[in-house]
file query.pdb (PDB, C-alpha atoms)
ATOM      1  CA  MET D   1       0.000   0.000   0.000
ATOM      2  CA  PHE D   2       2.109   2.949   1.220
ATOM      3  CA  GLY D   3       5.227   1.200   2.536
ATOM      4  CA  PRO D   4       7.425   3.956   3.984
ATOM      5  CA  LEU D   5       4.543   5.891   5.554
ATOM      6  CA  THR D   6       3.082   2.768   7.118
ATOM      7  CA  TRP D   7       6.396   1.671   8.609
ATOM      8  CA  ALA D   8       7.154   5.192   9.854
ATOM      9  CA  LEU D   9       3.767   5.274  11.623
ATOM     10  CA  VAL D  10       4.394   1.845  13.133
ATOM     11  CA  GLY D  11       7.834   2.891  14.365
ATOM     12  CA  LEU D  12       6.660   6.198  15.833
ATOM     13  CA  SER D  13       3.699   4.550  17.534
ATOM     14  CA  LEU D  14       5.890   1.880  19.091
ATOM     15  CA  ALA D  15       8.384   4.520  20.251
ATOM     16  CA  ALA D  16       5.525   6.518  21.800
ATOM     17  CA  MET D  17       4.249   3.337  23.433
ATOM     18  CA  ALA D  18       7.666   2.646  24.967
ATOM     19  CA  TYR D  19       7.854   6.210  26.281
ATOM     20  CA  ALA D  20       4.346   5.957  27.746
ATOM     21  CA  ILE D  21       5.325   2.705  29.467
ATOM     22  CA  VAL D  22       8.367   4.429  30.979
ATOM     23  CA  LEU D  23       6.131   7.251  32.220
ATOM     24  CA  ALA D  24       3.689   4.758  33.702
ATOM     25  CA  ALA D  25       6.497   2.833  35.395
ATOM     26  CA  ARG D  26       7.819   6.068  36.926
ATOM     27  CA  ASP D  27       4.273   7.044  38.002
ATOM     28  CA  LYS D  28       4.332  10.195  35.843
ATOM     29  CA  ARG D  29       1.631  11.837  33.787
ATOM     30  CA  ILE D  30       1.990  12.182  30.038
ATOM     31  CA  ASN D  31       3.832  15.289  28.864
ATOM     32  CA  TRP D  32       3.949  17.657  25.911
ATOM     33  CA  SER D  33       6.788  15.848  24.151
ATOM     34  CA  LEU D  34       4.750  12.640  24.051
ATOM     35  CA  LEU D  35       1.694  14.544  22.846
ATOM     36  CA  GLY D  36       3.871  16.137  20.145
ATOM     37  CA  VAL D  37       4.953  12.719  18.871
ATOM     38  CA  LEU D  38       1.320  11.618  18.881
ATOM     39  CA  GLY D  39       0.444  14.737  16.888
ATOM     40  CA  VAL D  40       3.010  13.775  14.254
ATOM     41  CA  VAL D  41       1.595  10.249  14.129
ATOM     42  CA  GLU D  42      -1.922  11.669  13.828
ATOM     43  CA  VAL D  43      -0.935  13.883  10.879
ATOM     44  CA  GLY D  44       0.615  10.819   9.238
ATOM     45  CA  LEU D  45      -2.554   8.822   9.843
ATOM     46  CA  LEU D  46      -4.622  11.612   8.300
ATOM     47  CA  ALA D  47      -2.354  11.605   5.238
ATOM     48  CA  GLN D  48      -2.686   7.840   5.084
ATOM     49  CA  LEU D  49      -6.486   8.139   5.187
ATOM     50  CA  VAL D  50      -6.502  10.504   2.217
ATOM     51  CA  VAL D  51      -3.951   8.513   0.205
ATOM     52  CA  GLY D  52      -5.666   5.233   1.087
ATOM     53  CA  ILE D  53      -9.068   6.388  -0.129
ATOM     54  CA  VAL D  54      -7.568   7.785  -3.335
ATOM     55  CA  GLN D  55      -5.721   4.516  -3.963
ATOM     56  CA  LEU D  56      -8.825   2.489  -3.155
ATOM     57  CA  VAL D  57     -10.863   4.406  -5.711
ATOM     58  CA  GLY D  58      -8.216   3.917  -8.395
ATOM     59  CA  THR D  59      -7.316   0.278  -7.810
ATOM     60  CA  ASP D  60      -8.244  -2.856  -9.710
ATOM     61  CA  ARG D  61      -7.470  -5.026  -6.685
ATOM     62  CA  ASP D  62     -10.121  -7.019  -4.900
ATOM     63  CA  VAL D  63     -10.084  -4.948  -1.693
ATOM     64  CA  SER D  64     -12.950  -4.848   0.769
ATOM     65  CA  GLY D  65     -13.677  -1.119   0.680
ATOM     66  CA  PRO D  66     -15.792  -0.835   3.847
ATOM     67  CA  PHE D  67     -13.269  -2.773   5.942
ATOM     68  CA  PHE D  68     -10.345  -0.851   4.477
ATOM     69  CA  VAL D  69     -11.905   2.571   5.080
ATOM     70  CA  GLY D  70     -13.115   1.449   8.512
ATOM     71  CA  TYR D  71      -9.591   0.530   9.547
ATOM     72  CA  LEU D  72      -8.268   3.816   8.161
ATOM     73  CA  ILE D  73     -10.817   5.807  10.179
ATOM     74  CA  GLY D  74     -10.359   3.625  13.264
ATOM     75  CA  SER D  75      -6.609   4.125  13.257
ATOM     76  CA  LEU D  76      -7.186   7.866  13.024
ATOM     77  CA  LEU D  77      -9.500   7.876  16.075
ATOM     78  CA  VAL D  78      -7.645   5.616  18.487
ATOM     79  CA  LEU D  79      -4.858   8.039  19.509
ATOM     80  CA  PRO D  80      -7.077  11.041  20.295
ATOM     81  CA  VAL D  81      -9.310   8.840  22.451
ATOM     82  CA  GLY D  82      -6.277   7.391  24.221
ATOM     83  CA  ALA D  83      -4.772  10.856  24.740
ATOM     84  CA  LEU D  84      -8.013  12.219  26.175
ATOM     85  CA  TRP D  85      -8.234   9.249  28.505
ATOM     86  CA  ALA D  86      -4.606   9.745  29.569
ATOM     87  CA  LEU D  87      -5.169  13.456  30.221
ATOM     88  CA  ALA D  88      -8.289  12.730  32.272
ATOM     89  CA  GLU D  89      -6.585  10.070  34.399
ATOM     90  CA  SER D  90      -4.063  11.614  36.783
ATOM     91  CA  SER D  91      -2.452   8.355  37.893
ATOM     92  CA  ARG D  92       0.023   6.116  36.117
ATOM     93  CA  TRP D  93      -2.880   4.360  34.462
ATOM     94  CA  GLY D  94      -3.400   7.333  32.172
ATOM     95  CA  ALA D  95       0.017   6.735  30.615
ATOM     96  CA  GLY D  96      -0.779   3.008  30.598
ATOM     97  CA  ALA D  97      -3.984   3.590  28.672
ATOM     98  CA  LEU D  98      -2.081   5.734  26.193
ATOM     99  CA  ALA D  99       0.514   2.972  25.800
ATOM    100  CA  VAL D 100      -2.284   0.575  24.868
ATOM    101  CA  ALA D 101      -3.663   3.080  22.331
ATOM    102  CA  CYS D 102      -0.173   3.477  20.860
ATOM    103  CA  PHE D 103       0.055  -0.313  20.524
ATOM    104  CA  VAL D 104      -3.302  -0.511  18.749
ATOM    105  CA  VAL D 105      -2.068   1.734  15.913
ATOM    106  CA  PRO D 106       0.611  -0.729  14.644
ATOM    107  CA  VAL D 107      -1.891  -3.579  14.924
ATOM    108  CA  LEU D 108      -4.374  -1.640  12.777
ATOM    109  CA  GLU D 109      -1.599  -0.678  10.334
ATOM    110  CA  LEU D 110      -0.589  -4.293   9.870
ATOM    111  CA  ARG D 111      -4.217  -5.280   9.360
ATOM    112  CA  LEU D 112      -4.598  -2.505   6.770
ATOM    113  CA  HIS D 113      -1.579  -3.856   4.936
ATOM    114  CA  GLU D 114      -3.048  -7.357   5.080
ATOM    115  CA  ILE D 115      -6.379  -6.157   3.664
ATOM    116  CA  TRP D 116      -4.620  -4.252   0.893
ATOM    117  CA  VAL D 117      -2.315  -7.099  -0.152
ATOM    118  CA  GLY D 118      -5.113  -9.620  -0.023
TER     119      GLY D 118
END

call {"tool": "encode", "arguments": {"input": "query.pdb", "output": "structure tokens"}}
result
Amino acid sequence: MFGPLTWALVGLSLAAMAYAIVLAARDKRINWSLLGVLGVVEVGLLAQLVVGIVQLVGTDRDVSGPFFVGYLIGSLLVLPVGALWALAESSRWGAGALAVACFVVPVLELRLHEIWVG
């Protein structure tokens, strides 16, 4: 599908997850640097949504459109929900919840790739 963008999003999400785990282990709240990385990932996910829909419209592949677009939209929504949850929770579990959200993004990315390849 979009190789370099997908792998960059996976790498950034996993790095953010590792940082969130460190924050949770140290009993710290999330900080602006982590939110900045998540913002970069979110912009990449938005670009992927646009490119993915354009490629879906122009492809001859047998791709399940509703599933593909659903995963694109789902991956775009998971980080903001996780960040809001982390900001609302003042204990270490806020960073833990964000770590889980950061882990969900690579899982969705790999599933998107699987749907696209067939």

call {"tool": "residues_around", "arguments": {"input": "query.pdb", "residues": "Leu72 in chain D", "least_positions_apart": "5", "cutoff": "10 Å", "atoms": "all atoms listed in the file", "output": "compact mmCIF listing (two decimals) with C-alpha atoms, keeping the file's coordinate frame"}}
result
# COMPACT_ATOMS: atom_id res chain seq x y z
CA LEU D 45 -2.55 8.82 9.84
CA LEU D 46 -4.62 11.61 8.30
CA GLN D 48 -2.69 7.84 5.08
CA LEU D 49 -6.49 8.14 5.19
CA VAL D 50 -6.50 10.50 2.22
CA GLY D 52 -5.67 5.23 1.09
CA ILE D 53 -9.07 6.39 -0.13
CA PRO D 66 -15.79 -0.84 3.85
CA PHE D 67 -13.27 -2.77 5.94
CA LEU D 77 -9.50 7.88 16.08
CA LEU D 108 -4.37 -1.64 12.78
CA GLU D 109 -1.60 -0.68 10.33
CA LEU D 112 -4.60 -2.50 6.77

call {"tool": "closest_residue", "arguments": {"input": "query.pdb", "among": "D:Ala97, D:Val117, D:Cys102, D:Val54", "to": "Ala16 in chain D", "atoms": "all atoms listed in the file"}}
result
D:Cys102

call {"tool": "residues_near_point", "arguments": {"input": "query.pdb", "point": "(5.0, 11.3, 21.9)", "cutoff": "10 Å", "atoms": "all atoms listed in the file", "output": "ChimeraX atom specification"}}
result
/D:12-20,30-41,98,102

call {"tool": "closest_residue", "arguments": {"input": "query.pdb", "among": "D:Gly65, D:Gly96, D:Pro106, D:Pro80", "to": "Ala24 in chain D", "atoms": "only C-alpha atoms"}}
result
D:Gly96

call {"tool": "closest_residue", "arguments": {"input": "query.pdb", "among": "D:Val81, D:Val69, D:Ala47, D:Ala8", "to": "Ala101 in chain D", "atoms": "only C-alpha atoms"}}
result
D:Val81

call {"tool": "closest_residue", "arguments": {"input": "query.pdb", "among": "D:Val10, D:Leu56, D:Ala25, D:Ala99", "to": "Ile115 in chain D", "atoms": "only C-alpha atoms"}}
result
D:Leu56

call {"tool": "atom_distance", "arguments": {"input": "query.pdb", "atom1": "CA of Tyr71 in chain D", "atom2": "CA of Thr6 in chain D"}}
result
13.1 Å

call {"tool": "resolve_selection", "arguments": {"input": "query.pdb", "expression": "the PyMOL selection byres ((chain D and resi 116) around 9)", "output": "ChimeraX atom specification"}}
result
/D:1,56,61-64,68,111-115,117-118

call {"tool": "axis_aligned_box", "arguments": {"input": "query.pdb", "around": "range 40-57 of chain D", "padding_each_side": "6 Å", "output": "lines of an AutoDock Vina configuration file"}}
result
center_x = -3.9
center_y = 8.2
center_z = 4.3
size_x = 25.9
size_y = 23.4
size_z = 32.0

call {"tool": "atom_distance", "arguments": {"input": "query.pdb", "atom1": "CA of Ile21 in chain D", "atom2": "CA of Leu79 in chain D"}}
result
15.2 Å

call {"tool": "residues_around", "arguments": {"input": "query.pdb", "residues": "Leu87 in chain D", "least_positions_apart": "4", "cutoff": "9 Å", "atoms": "all atoms listed in the file", "output": "ChimeraX atom specification"}}
result
/D:29-30,82-83,94-95

call {"tool": "atom_distance", "arguments": {"input": "query.pdb", "atom1": "CA of Leu84 in chain D", "atom2": "CA of Leu110 in chain D"}}
result
24.4 Å

call {"tool": "build_atoms", "arguments": {"input": "query.pdb", "residues": "range 28-44 of chain D", "atoms": "N, CA and C atoms", "output": "PDB file, keeping the file's coordinate frame"}}
result
ATOM      1  N   LYS D  28       4.400   8.824  36.360  1.00  0.00           N
ATOM      2  CA  LYS D  28       4.332  10.195  35.843  1.00  0.00           C
ATOM      3  C   LYS D  28       3.148  10.323  34.898  1.00  0.00           C
ATOM      4  N   ARG D  29       2.680  11.548  34.770  1.00  0.00           N
ATOM      5  CA  ARG D  29       1.631  11.837  33.787  1.00  0.00           C
ATOM      6  C   ARG D  29       2.266  12.017  32.420  1.00  0.00           C
ATOM      7  N   ILE D  30       1.457  11.945  31.376  1.00  0.00           N
ATOM      8  CA  ILE D  30       1.990  12.182  30.038  1.00  0.00           C
ATOM      9  C   ILE D  30       2.411  13.645  29.926  1.00  0.00           C
ATOM     10  N   ASN D  31       3.312  13.934  28.991  1.00  0.00           N
ATOM     11  CA  ASN D  31       3.832  15.289  28.864  1.00  0.00           C
ATOM     12  C   ASN D  31       3.691  15.782  27.429  1.00  0.00           C
ATOM     13  N   TRP D  32       4.116  17.027  27.222  1.00  0.00           N
ATOM     14  CA  TRP D  32       3.949  17.657  25.911  1.00  0.00           C
ATOM     15  C   TRP D  32       4.784  16.996  24.830  1.00  0.00           C
ATOM     16  N   SER D  33       5.959  16.491  25.174  1.00  0.00           N
ATOM     17  CA  SER D  33       6.788  15.848  24.151  1.00  0.00           C
ATOM     18  C   SER D  33       6.102  14.588  23.615  1.00  0.00           C
ATOM     19  N   LEU D  34       5.484  13.824  24.498  1.00  0.00           N
ATOM     20  CA  LEU D  34       4.750  12.640  24.051  1.00  0.00           C
ATOM     21  C   LEU D  34       3.544  13.040  23.213  1.00  0.00           C
ATOM     22  N   LEU D  35       2.835  14.070  23.637  1.00  0.00           N
ATOM     23  CA  LEU D  35       1.694  14.544  22.846  1.00  0.00           C
ATOM     24  C   LEU D  35       2.147  15.070  21.486  1.00  0.00           C
ATOM     25  N   GLY D  36       3.340  15.671  21.428  1.00  0.00           N
ATOM     26  CA  GLY D  36       3.871  16.137  20.145  1.00  0.00           C
ATOM     27  C   GLY D  36       4.135  14.988  19.189  1.00  0.00           C
ATOM     28  N   VAL D  37       4.717  13.901  19.703  1.00  0.00           N
ATOM     29  CA  VAL D  37       4.953  12.719  18.871  1.00  0.00           C
ATOM     30  C   VAL D  37       3.627  12.147  18.390  1.00  0.00           C
ATOM     31  N   LEU D  38       2.642  12.114  19.272  1.00  0.00           N
ATOM     32  CA  LEU D  38       1.320  11.618  18.881  1.00  0.00           C
ATOM     33  C   LEU D  38       0.683  12.514  17.825  1.00  0.00           C
ATOM     34  N   GLY D  39       0.938  13.821  17.914  1.00  0.00           N
ATOM     35  CA  GLY D  39       0.444  14.737  16.888  1.00  0.00           C
ATOM     36  C   GLY D  39       1.050  14.437  15.522  1.00  0.00           C
ATOM     37  N   VAL D  40       2.343  14.132  15.510  1.00  0.00           N
ATOM     38  CA  VAL D  40       3.010  13.775  14.254  1.00  0.00           C
ATOM     39  C   VAL D  40       2.421  12.480  13.695  1.00  0.00           C
ATOM     40  N   VAL D  41       2.208  11.511  14.568  1.00  0.00           N
ATOM     41  CA  VAL D  41       1.595  10.249  14.129  1.00  0.00           C
ATOM     42  C   VAL D  41       0.192  10.511  13.593  1.00  0.00           C
ATOM     43  N   GLU D  42      -0.544  11.379  14.254  1.00  0.00           N
ATOM     44  CA  GLU D  42      -1.922  11.669  13.828  1.00  0.00           C
ATOM     45  C   GLU D  42      -1.949  12.339  12.458  1.00  0.00           C
ATOM     46  N   VAL D  43      -1.026  13.251  12.202  1.00  0.00           N
ATOM     47  CA  VAL D  43      -0.935  13.883  10.879  1.00  0.00           C
ATOM     48  C   VAL D  43      -0.608  12.829   9.824  1.00  0.00           C
ATOM     49  N   GLY D  44       0.302  11.904  10.165  1.00  0.00           N
ATOM     50  CA  GLY D  44       0.615  10.819   9.238  1.00  0.00           C
ATOM     51  C   GLY D  44      -0.576   9.922   8.979  1.00  0.00           C
TER      52      GLY D  44
END
